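Report on the structure given below.
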Amino acid sequence: MANLDTHFKIDYNNSISNPKAAFKGEKYRITILTERLIRFEYDTNGTFFDHPTELARFRNFPVPEFQVEEDDKNLVIQTKYFVLQYMKEKPFIGPKYAPDQFLKVGLMNSDKIWYFGHAEARNFGGTKVSLDKGIKEPFEKGLYSTDGFASIDDSKNLVFMEDGFLVKPTAKRIDTYLFIYRRDFGLCLKDYFTLTGYPPMIPRYALGIWWNRDLIYSFEDTKKLIKAFNSHEIPISVLLLNEFWHLKDKRDLNKYKTGFTFSKELFPNPFEFTTYMHDRGIRIGINMDPYEGINDHEEKFREITGELGLINTRRIPFNVFDKTFLNIYFNRLIKPLDSLGVDFYWIDYNYDLDNLKALTHYHFMNYYKDNRYRPMVFSRNSLTASHLNGIHYSGKTTVSFDTLNYLPSFNSNASNIGLSWWSHDIGGFKGGIEDSELYIRYIELGTFSPIFRLACERGHYYKREPWAWDIKTYTIAKEYCHMRHRLIPYLYAENYKYHKTGLPLVQPLYYSYPEIYDEPVYKNEYYFGSELLVKPITKKQDEVMHRCVEQIFLPKGTWYDFKTGKKFPGNKRYVAFYKDEDYPVFAKSGSIIPLADLRENINDTNPPDSLEIHVFPGRSNIYKLYEDDGLSRLNEEGYYIITAIDYNYLANNYTLIIRPIEGKAGIIPKNRNYKIRFRNTREAENVVAYINGTEIPVESYTEDTDFIVVAKNISTTSQLTINCKGKDIEIDAVRLINEDINSIIKDAEINTNLKESIAAIMFSNIDINKKRVEIRKLGTKGLKSVFVRMFIKLLEYVSEI
């Protein structure tokens, strides 16, 4: 049998648990991996399993603290999280009338008990393979539960052989991991990532804007596309090619969904094509669905059949569980594509789940053959420890507000199984109606999503290009596309944090406030990295008010609207009104958000020469900005740099210190311009800046409600210190509902003289019932009934605050 190349191997030794943590009988083995994690094995033949699986790759945990009481018949093990009771050699699954008779695990300091067959009904769910079948398919089980425990069955998952080859399990056995963590879900995720492996760093370019349209592109077409993006000043960092990049049957374009050879008609010189894109800051992903195997029209077909000794063969079937096929697949088909400059593969396989799991894993591991690129695969979710496999494709979604409304909670739920990098069709892929308001809300959500990928099917009348819309829609879309590109330094630092700690980029609000899960109006809210909170707009606006009415819950603390700087006291519910160009994104007091300045090459995602750092008042904070080359695996050898941005806040005296604290010089630009934007802050009376203790000149000025300090050409290996002093520095720009109402009155298509009367009523101190009466009376003075109803509704919103 053929052998796999060595780069497919995984760490085999660490899959074996420390025997001091294991309790073993003739048919059972129970291993205490941590104070919160137990492995249960039961096999009637007494065969126990130490091979790594696609779920469990690291079982060699340090032996945790536990107490044991044991005799010939019973085993009791206790940690500070659980007490386990087991009648030795009995089946883990007891009789139906008493399922907890033989084995049960009690949650300490509670009456909650887990046993095999437990319904785990309070599990919030995890994620799905994709959304190809729509949004109504149920979630797979996740780890987050208000019960404080969750189990994962590993008995049917694929198994690794010593050379890294995956096989399907054959023996029937019980192999289950129980996470029992009370309310310490962060520690549960830590155990999970230690068992499975921590998420890899995705390339920096993946955090920019992707383009994915189901058109038959030629090299010349892609040149025109990129020129259009550039001329309209819309950044693009990833170009995804669908199946038409490869050879097709000219008589039937639906034939040969599988292909491995660039079409010479469309791409006469593929290397010239990829080089052209790379020179412009754009990376290339190509569609790859090997389901049909290798057909005789491929360039390498005769070479492959000769190597295999096949005669009169027109097709070699796809078989990911055959080593010979795998060697041919990667060495004869994928390797030549790599050499042409293809950056990553879009695994568009949607058939058998085991095949998807193996195919995705092998594609990911194939990057380890050299240090040229950091591993990244774009594929549907293989479910088991799928955070290890790059970025996930949610499939072909329907264009609708229903789909848009579903995506935020879908992303949040994925965090329940430690998954961050979901990529959805921004704008929707198929069907529906091309509606500017829907498009704008998709763009805004994409800006504050893990991956921003514009996508749609082939129809001529789909509009995903921002410039294909009216000037208002284009202007808003452009603004948010720019914001997404500017967010890359922040997102990349959060990418590093996810890689090192397992802290998901998107976290649902219900982690801190479980009751929110059952309140539909707040369920979609989520934290976006460590510094931002997003309440996505996923419904149509009020047609009369021309605003979207949003009910928002803000957690404890003080929060600021990221765009306007308006201040919101936390632990409260709000009603707010948003125009098309506005979006509910909030930063907590003390938040530090590094943004890139847009460069001459607008597509450039590399560490920037200029940073604009937003600093919100009220609390001291340190943000650690992680940077590397964004593309290779040299970061694993220490080629990265971490810059601390240290904000020391006092009401009338605050200091910002920017200094490198870890890594190597030469990774980021030697010198950098800094624009420090102190939000909601008055002009300081005294501003002093130092480089390594030596005073330097800086520029300072106010802009709206922000105070800005600019320091130019600063060495990135030095310490920059900026100290600001003054009286009553913070602007107490508290958001007032009257400002929203006043704005609505201004924009309403109402007789101007009537607006004065409306304002007098709305802003008066009379009882709300009297206000309703007075508004209705304005109907006799020409106020249309639709506006009467609108202002009465506004009064209801005000009364709810």
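Lettering and numbering for the structure tokens are positional, with chains as A, B, ... in the shown order, residues counted from 1 in each chain, and ligands counted from 1 in the shown order.
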What lies within 6 Å of stretch 102-119 of chain A using only C-alpha atoms, ignoring chain neighbours under 6 positions off, as an mmCIF file with N, CA and C atoms, in the first residue's frame?
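Ended up saving to part-v5.cif:
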```
data_model
loop_
_atom_site.group_PDB
_atom_site.id
_atom_site.type_symbol
_atom_site.label_atom_id
_atom_site.label_comp_id
_atom_site.auth_asym_id
_atom_site.auth_seq_id
_atom_site.Cartn_x
_atom_site.Cartn_y
_atom_site.Cartn_z
ATOM 1 N N TYR A 81 -15.726 20.279 40.642
ATOM 2 C CA TYR A 81 -16.814 20.490 39.688
ATOM 3 C C TYR A 81 -17.836 19.357 39.671
ATOM 4 N N PHE A 82 -17.445 18.146 40.007
ATOM 5 C CA PHE A 82 -18.377 17.030 39.866
ATOM 6 C C PHE A 82 -18.074 15.933 40.879
ATOM 7 N N VAL A 83 -19.059 15.040 41.055
ATOM 8 C CA VAL A 83 -18.855 13.780 41.750
ATOM 9 C C VAL A 83 -19.387 12.674 40.853
ATOM 10 N N LEU A 84 -18.537 11.706 40.541
ATOM 11 C CA LEU A 84 -18.864 10.608 39.635
ATOM 12 C C LEU A 84 -19.070 9.338 40.464
ATOM 13 N N GLN A 85 -20.166 8.630 40.184
ATOM 14 C CA GLN A 85 -20.456 7.372 40.869
ATOM 15 C C GLN A 85 -20.708 6.289 39.823
ATOM 16 N N TYR A 86 -19.998 5.146 39.990
ATOM 17 C CA TYR A 86 -20.114 4.080 38.992
ATOM 18 C C TYR A 86 -20.065 2.719 39.675
ATOM 19 N N MET A 87 -21.008 1.840 39.268
ATOM 20 C CA MET A 87 -20.998 0.442 39.681
ATOM 21 C C MET A 87 -20.144 -0.331 38.676
ATOM 22 N N PHE A 92 -22.679 1.397 30.953
ATOM 23 C CA PHE A 92 -22.868 2.812 31.270
ATOM 24 C C PHE A 92 -24.332 3.222 31.102
ATOM 25 N N ILE A 93 -24.995 2.595 30.166
ATOM 26 C CA ILE A 93 -26.399 2.912 29.911
ATOM 27 C C ILE A 93 -27.253 1.926 30.679
ATOM 28 N N GLY A 94 -27.941 2.414 31.708
ATOM 29 C CA GLY A 94 -28.723 1.545 32.563
ATOM 30 C C GLY A 94 -30.064 1.191 31.957
#
```
Taking 5 positions as the minimum chain separation for residues in the same chain, which residues sit within 10 Å of A:Leu554 when counting only C-alpha atoms? Answer as number ranges by chain. A: 509, 522, 525, 533-535, 559, 568-574, 586, 588
Selected residues, all heavy atoms, written as a short mmCIF file (atom, residue, chain, number, x, y, z; two decimals), in the first residue's frame, please.
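As written to disk, selection_15.cif reads:
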```
data_model
loop_
_atom_site.label_atom_id
_atom_site.label_comp_id
_atom_site.auth_asym_id
_atom_site.auth_seq_id
_atom_site.Cartn_x
_atom_site.Cartn_y
_atom_site.Cartn_z
N LEU A 509 -24.44 37.52 23.56
CA LEU A 509 -24.70 38.24 24.80
C LEU A 509 -25.18 37.30 25.90
O LEU A 509 -24.99 37.55 27.08
CB LEU A 509 -25.75 39.33 24.54
CG LEU A 509 -25.78 40.54 25.46
CD1 LEU A 509 -24.43 41.23 25.50
CD2 LEU A 509 -26.86 41.51 25.02
N TYR A 522 -33.49 40.79 21.44
CA TYR A 522 -32.09 40.99 21.85
C TYR A 522 -31.18 39.81 21.48
O TYR A 522 -29.97 39.90 21.61
CB TYR A 522 -32.01 41.20 23.37
CG TYR A 522 -32.90 42.31 23.88
CD1 TYR A 522 -33.93 42.05 24.79
CD2 TYR A 522 -32.72 43.62 23.46
CE1 TYR A 522 -34.75 43.07 25.25
CE2 TYR A 522 -33.54 44.65 23.91
CZ TYR A 522 -34.55 44.36 24.82
OH TYR A 522 -35.36 45.37 25.26
N GLU A 525 -27.85 40.15 19.35
CA GLU A 525 -26.71 40.98 19.77
C GLU A 525 -25.49 40.10 20.04
O GLU A 525 -25.61 38.98 20.52
CB GLU A 525 -27.05 41.76 21.04
CG GLU A 525 -28.07 42.87 20.83
CD GLU A 525 -28.27 43.71 22.08
OE1 GLU A 525 -27.27 43.99 22.78
OE2 GLU A 525 -29.43 44.08 22.36
N LEU A 533 -19.46 45.80 20.58
CA LEU A 533 -20.74 45.11 20.73
C LEU A 533 -21.63 45.53 19.57
O LEU A 533 -21.73 46.72 19.25
CB LEU A 533 -21.40 45.49 22.06
CG LEU A 533 -22.79 44.91 22.34
CD1 LEU A 533 -22.71 43.41 22.61
CD2 LEU A 533 -23.44 45.62 23.53
N VAL A 534 -22.28 44.56 18.91
CA VAL A 534 -23.08 44.83 17.72
C VAL A 534 -24.52 44.39 17.94
O VAL A 534 -24.77 43.30 18.44
CB VAL A 534 -22.49 44.09 16.49
CG1 VAL A 534 -23.30 44.41 15.24
CG2 VAL A 534 -21.03 44.47 16.28
N LYS A 535 -25.46 45.26 17.55
CA LYS A 535 -26.87 44.90 17.51
C LYS A 535 -27.30 44.99 16.04
O LYS A 535 -27.68 46.06 15.56
CB LYS A 535 -27.70 45.85 18.37
CG LYS A 535 -29.23 45.69 18.22
CD LYS A 535 -29.71 44.30 18.63
CE LYS A 535 -31.22 44.25 18.83
NZ LYS A 535 -31.97 44.21 17.57
N TRP A 559 -21.26 52.68 27.68
CA TRP A 559 -21.06 52.34 26.28
C TRP A 559 -21.17 53.59 25.42
O TRP A 559 -21.86 54.55 25.79
CB TRP A 559 -22.09 51.31 25.83
CG TRP A 559 -21.93 50.00 26.53
CD1 TRP A 559 -22.45 49.66 27.74
CD2 TRP A 559 -21.16 48.88 26.08
NE1 TRP A 559 -22.05 48.39 28.08
CE2 TRP A 559 -21.27 47.89 27.08
CE3 TRP A 559 -20.41 48.62 24.95
CZ2 TRP A 559 -20.64 46.65 26.96
CZ3 TRP A 559 -19.78 47.39 24.83
CH2 TRP A 559 -19.90 46.42 25.83
N PHE A 568 -24.03 55.92 26.41
CA PHE A 568 -25.18 55.13 26.87
C PHE A 568 -24.82 54.47 28.21
O PHE A 568 -23.93 53.61 28.24
CB PHE A 568 -25.55 54.03 25.88
CG PHE A 568 -26.12 54.49 24.58
CD1 PHE A 568 -25.31 55.08 23.61
CD2 PHE A 568 -27.46 54.30 24.29
CE1 PHE A 568 -25.83 55.48 22.40
CE2 PHE A 568 -27.99 54.70 23.08
CZ PHE A 568 -27.18 55.29 22.13
N PRO A 569 -25.46 54.82 29.31
CA PRO A 569 -25.27 54.05 30.54
C PRO A 569 -25.74 52.61 30.34
O PRO A 569 -26.77 52.37 29.70
CB PRO A 569 -26.16 54.79 31.55
CG PRO A 569 -26.32 56.16 30.98
CD PRO A 569 -26.33 55.99 29.50
N GLY A 570 -24.97 51.66 30.86
CA GLY A 570 -25.25 50.25 30.61
C GLY A 570 -26.23 49.63 31.58
O GLY A 570 -26.80 50.29 32.45
N ASN A 571 -26.45 48.32 31.39
CA ASN A 571 -27.43 47.52 32.14
C ASN A 571 -28.84 48.10 31.96
O ASN A 571 -29.64 48.12 32.90
CB ASN A 571 -27.07 47.45 33.62
CG ASN A 571 -27.73 46.26 34.30
OD1 ASN A 571 -28.03 45.26 33.65
ND2 ASN A 571 -27.96 46.37 35.58
N LYS A 572 -29.11 48.58 30.74
CA LYS A 572 -30.41 49.18 30.42
C LYS A 572 -30.84 48.77 29.03
O LYS A 572 -30.04 48.37 28.19
CB LYS A 572 -30.30 50.72 30.47
CG LYS A 572 -30.09 51.30 31.85
CD LYS A 572 -30.03 52.83 31.79
CE LYS A 572 -31.35 53.43 31.36
NZ LYS A 572 -31.32 54.92 31.38
N ARG A 573 -32.15 48.89 28.80
CA ARG A 573 -32.73 48.65 27.48
C ARG A 573 -33.05 49.99 26.83
O ARG A 573 -33.50 50.92 27.50
CB ARG A 573 -33.98 47.78 27.60
CG ARG A 573 -33.66 46.32 27.92
CD ARG A 573 -34.90 45.57 28.41
NE ARG A 573 -34.69 44.13 28.41
CZ ARG A 573 -34.03 43.46 29.34
NH1 ARG A 573 -33.48 44.11 30.36
NH2 ARG A 573 -33.88 42.15 29.27
N TYR A 574 -32.81 50.05 25.53
CA TYR A 574 -33.03 51.30 24.79
C TYR A 574 -33.87 51.03 23.55
O TYR A 574 -33.86 49.91 23.00
CB TYR A 574 -31.70 51.90 24.35
CG TYR A 574 -30.84 52.43 25.47
CD1 TYR A 574 -29.92 51.60 26.10
CD2 TYR A 574 -30.96 53.73 25.91
CE1 TYR A 574 -29.12 52.08 27.14
CE2 TYR A 574 -30.17 54.22 26.95
CZ TYR A 574 -29.26 53.39 27.56
OH TYR A 574 -28.48 53.87 28.58
N PHE A 586 -21.29 49.44 19.31
CA PHE A 586 -20.96 50.15 20.54
C PHE A 586 -19.59 49.73 21.05
O PHE A 586 -19.17 48.58 20.90
CB PHE A 586 -22.01 49.85 21.62
CG PHE A 586 -23.41 50.23 21.22
CD1 PHE A 586 -24.23 49.31 20.59
CD2 PHE A 586 -23.89 51.51 21.45
CE1 PHE A 586 -25.52 49.65 20.19
CE2 PHE A 586 -25.17 51.86 21.06
CZ PHE A 586 -25.99 50.93 20.43
N LYS A 588 -17.22 49.88 24.62
CA LYS A 588 -17.29 50.10 26.05
C LYS A 588 -16.28 51.14 26.48
O LYS A 588 -15.28 51.39 25.79
CB LYS A 588 -17.03 48.77 26.78
CG LYS A 588 -17.49 48.77 28.23
CD LYS A 588 -17.35 47.37 28.84
CE LYS A 588 -17.91 47.35 30.26
NZ LYS A 588 -17.82 45.99 30.86
#
```
Please provide the set of residues having any atom within 9 Å of stretch 469-473 of chain A, restricted to only C-alpha atoms, with same-chain residues fewer than 6 positions apart removed, written as an MDAnalysis selection string. chainID A and resid 436:437 439:440 463 580:581
Please identify the strand (DSSP E or B) residues within stretch 469-667 of chain A (assignment by DSSP from backbone atoms) and present them as a tab-separated table (two decimals) with C-alpha atoms, in the first residue's frame.
```
chain	number	residue	atom	x	y	z
A	506	VAL	CA	-18.15	36.48	17.97
A	507	GLN	CA	-19.65	35.87	21.41
A	508	PRO	CA	-23.37	35.94	22.13
A	526	TYR	CA	-23.10	39.86	19.98
A	527	TYR	CA	-19.64	40.93	21.07
A	528	PHE	CA	-17.31	41.45	18.11
A	532	LEU	CA	-17.08	46.07	20.31
A	533	LEU	CA	-20.74	45.11	20.73
A	534	VAL	CA	-23.08	44.83	17.72
A	542	ASP	CA	-40.64	51.88	9.13
A	547	ARG	CA	-35.93	54.63	10.22
A	548	CYS	CA	-35.35	51.16	11.58
A	549	VAL	CA	-36.65	50.99	15.14
A	550	GLU	CA	-34.25	48.90	17.22
A	551	GLN	CA	-34.64	47.65	20.77
A	552	ILE	CA	-31.18	47.33	22.30
A	553	PHE	CA	-29.89	45.91	25.57
A	554	LEU	CA	-26.51	47.21	26.72
A	558	THR	CA	-20.74	52.70	30.06
A	559	TRP	CA	-21.06	52.34	26.28
A	560	TYR	CA	-20.51	54.68	23.32
A	561	ASP	CA	-21.99	54.59	19.85
A	567	LYS	CA	-22.88	57.88	25.56
A	568	PHE	CA	-25.18	55.13	26.87
A	569	PRO	CA	-25.27	54.05	30.54
A	572	LYS	CA	-30.41	49.18	30.42
A	573	ARG	CA	-32.73	48.65	27.48
A	574	TYR	CA	-33.03	51.30	24.79
A	575	VAL	CA	-35.16	52.09	21.78
A	576	ALA	CA	-33.17	53.76	18.99
A	577	PHE	CA	-33.91	54.84	15.43
A	578	TYR	CA	-31.47	54.17	12.61
A	585	VAL	CA	-22.16	49.26	17.05
A	586	PHE	CA	-20.96	50.15	20.54
A	587	ALA	CA	-17.61	50.44	22.29
A	588	LYS	CA	-17.29	50.10	26.05
A	592	ILE	CA	-9.02	50.80	22.19
A	593	ILE	CA	-9.62	50.04	18.51
A	594	PRO	CA	-6.72	50.23	16.01
A	595	LEU	CA	-7.77	51.04	12.43
A	596	ALA	CA	-5.69	51.14	9.25
A	610	SER	CA	-0.40	54.64	9.32
A	611	LEU	CA	-2.73	53.69	12.16
A	612	GLU	CA	-5.73	55.57	13.51
A	613	ILE	CA	-6.34	54.45	17.08
A	614	HIS	CA	-9.76	55.13	18.62
A	615	VAL	CA	-9.67	55.48	22.41
A	621	ASN	CA	-7.13	49.66	29.38
A	622	ILE	CA	-4.34	47.88	27.47
A	623	TYR	CA	-4.84	46.57	23.95
A	624	LYS	CA	-2.22	44.24	22.49
A	625	LEU	CA	-1.89	44.68	18.73
A	626	TYR	CA	-0.50	41.53	17.11
A	627	GLU	CA	1.15	41.73	13.67
A	641	ILE	CA	5.56	41.63	16.93
A	642	ILE	CA	3.10	42.56	19.67
A	643	THR	CA	2.62	46.25	20.38
A	644	ALA	CA	0.96	47.30	23.63
A	645	ILE	CA	-1.37	50.30	23.43
A	646	ASP	CA	-1.68	51.35	27.07
A	647	TYR	CA	-4.35	53.90	28.04
A	648	ASN	CA	-4.06	55.31	31.56
A	653	ASN	CA	-5.06	63.71	32.96
A	654	TYR	CA	-4.68	60.78	30.61
A	655	THR	CA	-1.73	59.08	28.94
A	656	LEU	CA	-1.43	56.78	25.94
A	657	ILE	CA	1.72	54.68	25.62
A	658	ILE	CA	2.51	52.70	22.46
A	659	ARG	CA	5.44	50.30	22.78
A	660	PRO	CA	6.60	46.93	21.39
A	661	ILE	CA	6.57	44.26	24.09
A	662	GLU	CA	7.23	40.99	22.25
A	663	GLY	CA	8.64	39.68	18.96
```
Counting only C-alpha atoms, what is within 7 Å of stretch 700-704 of chain A, bar same-chain residues fewer than 5 positions away, as a PyMOL selection string? chain A and resi 683+709-710
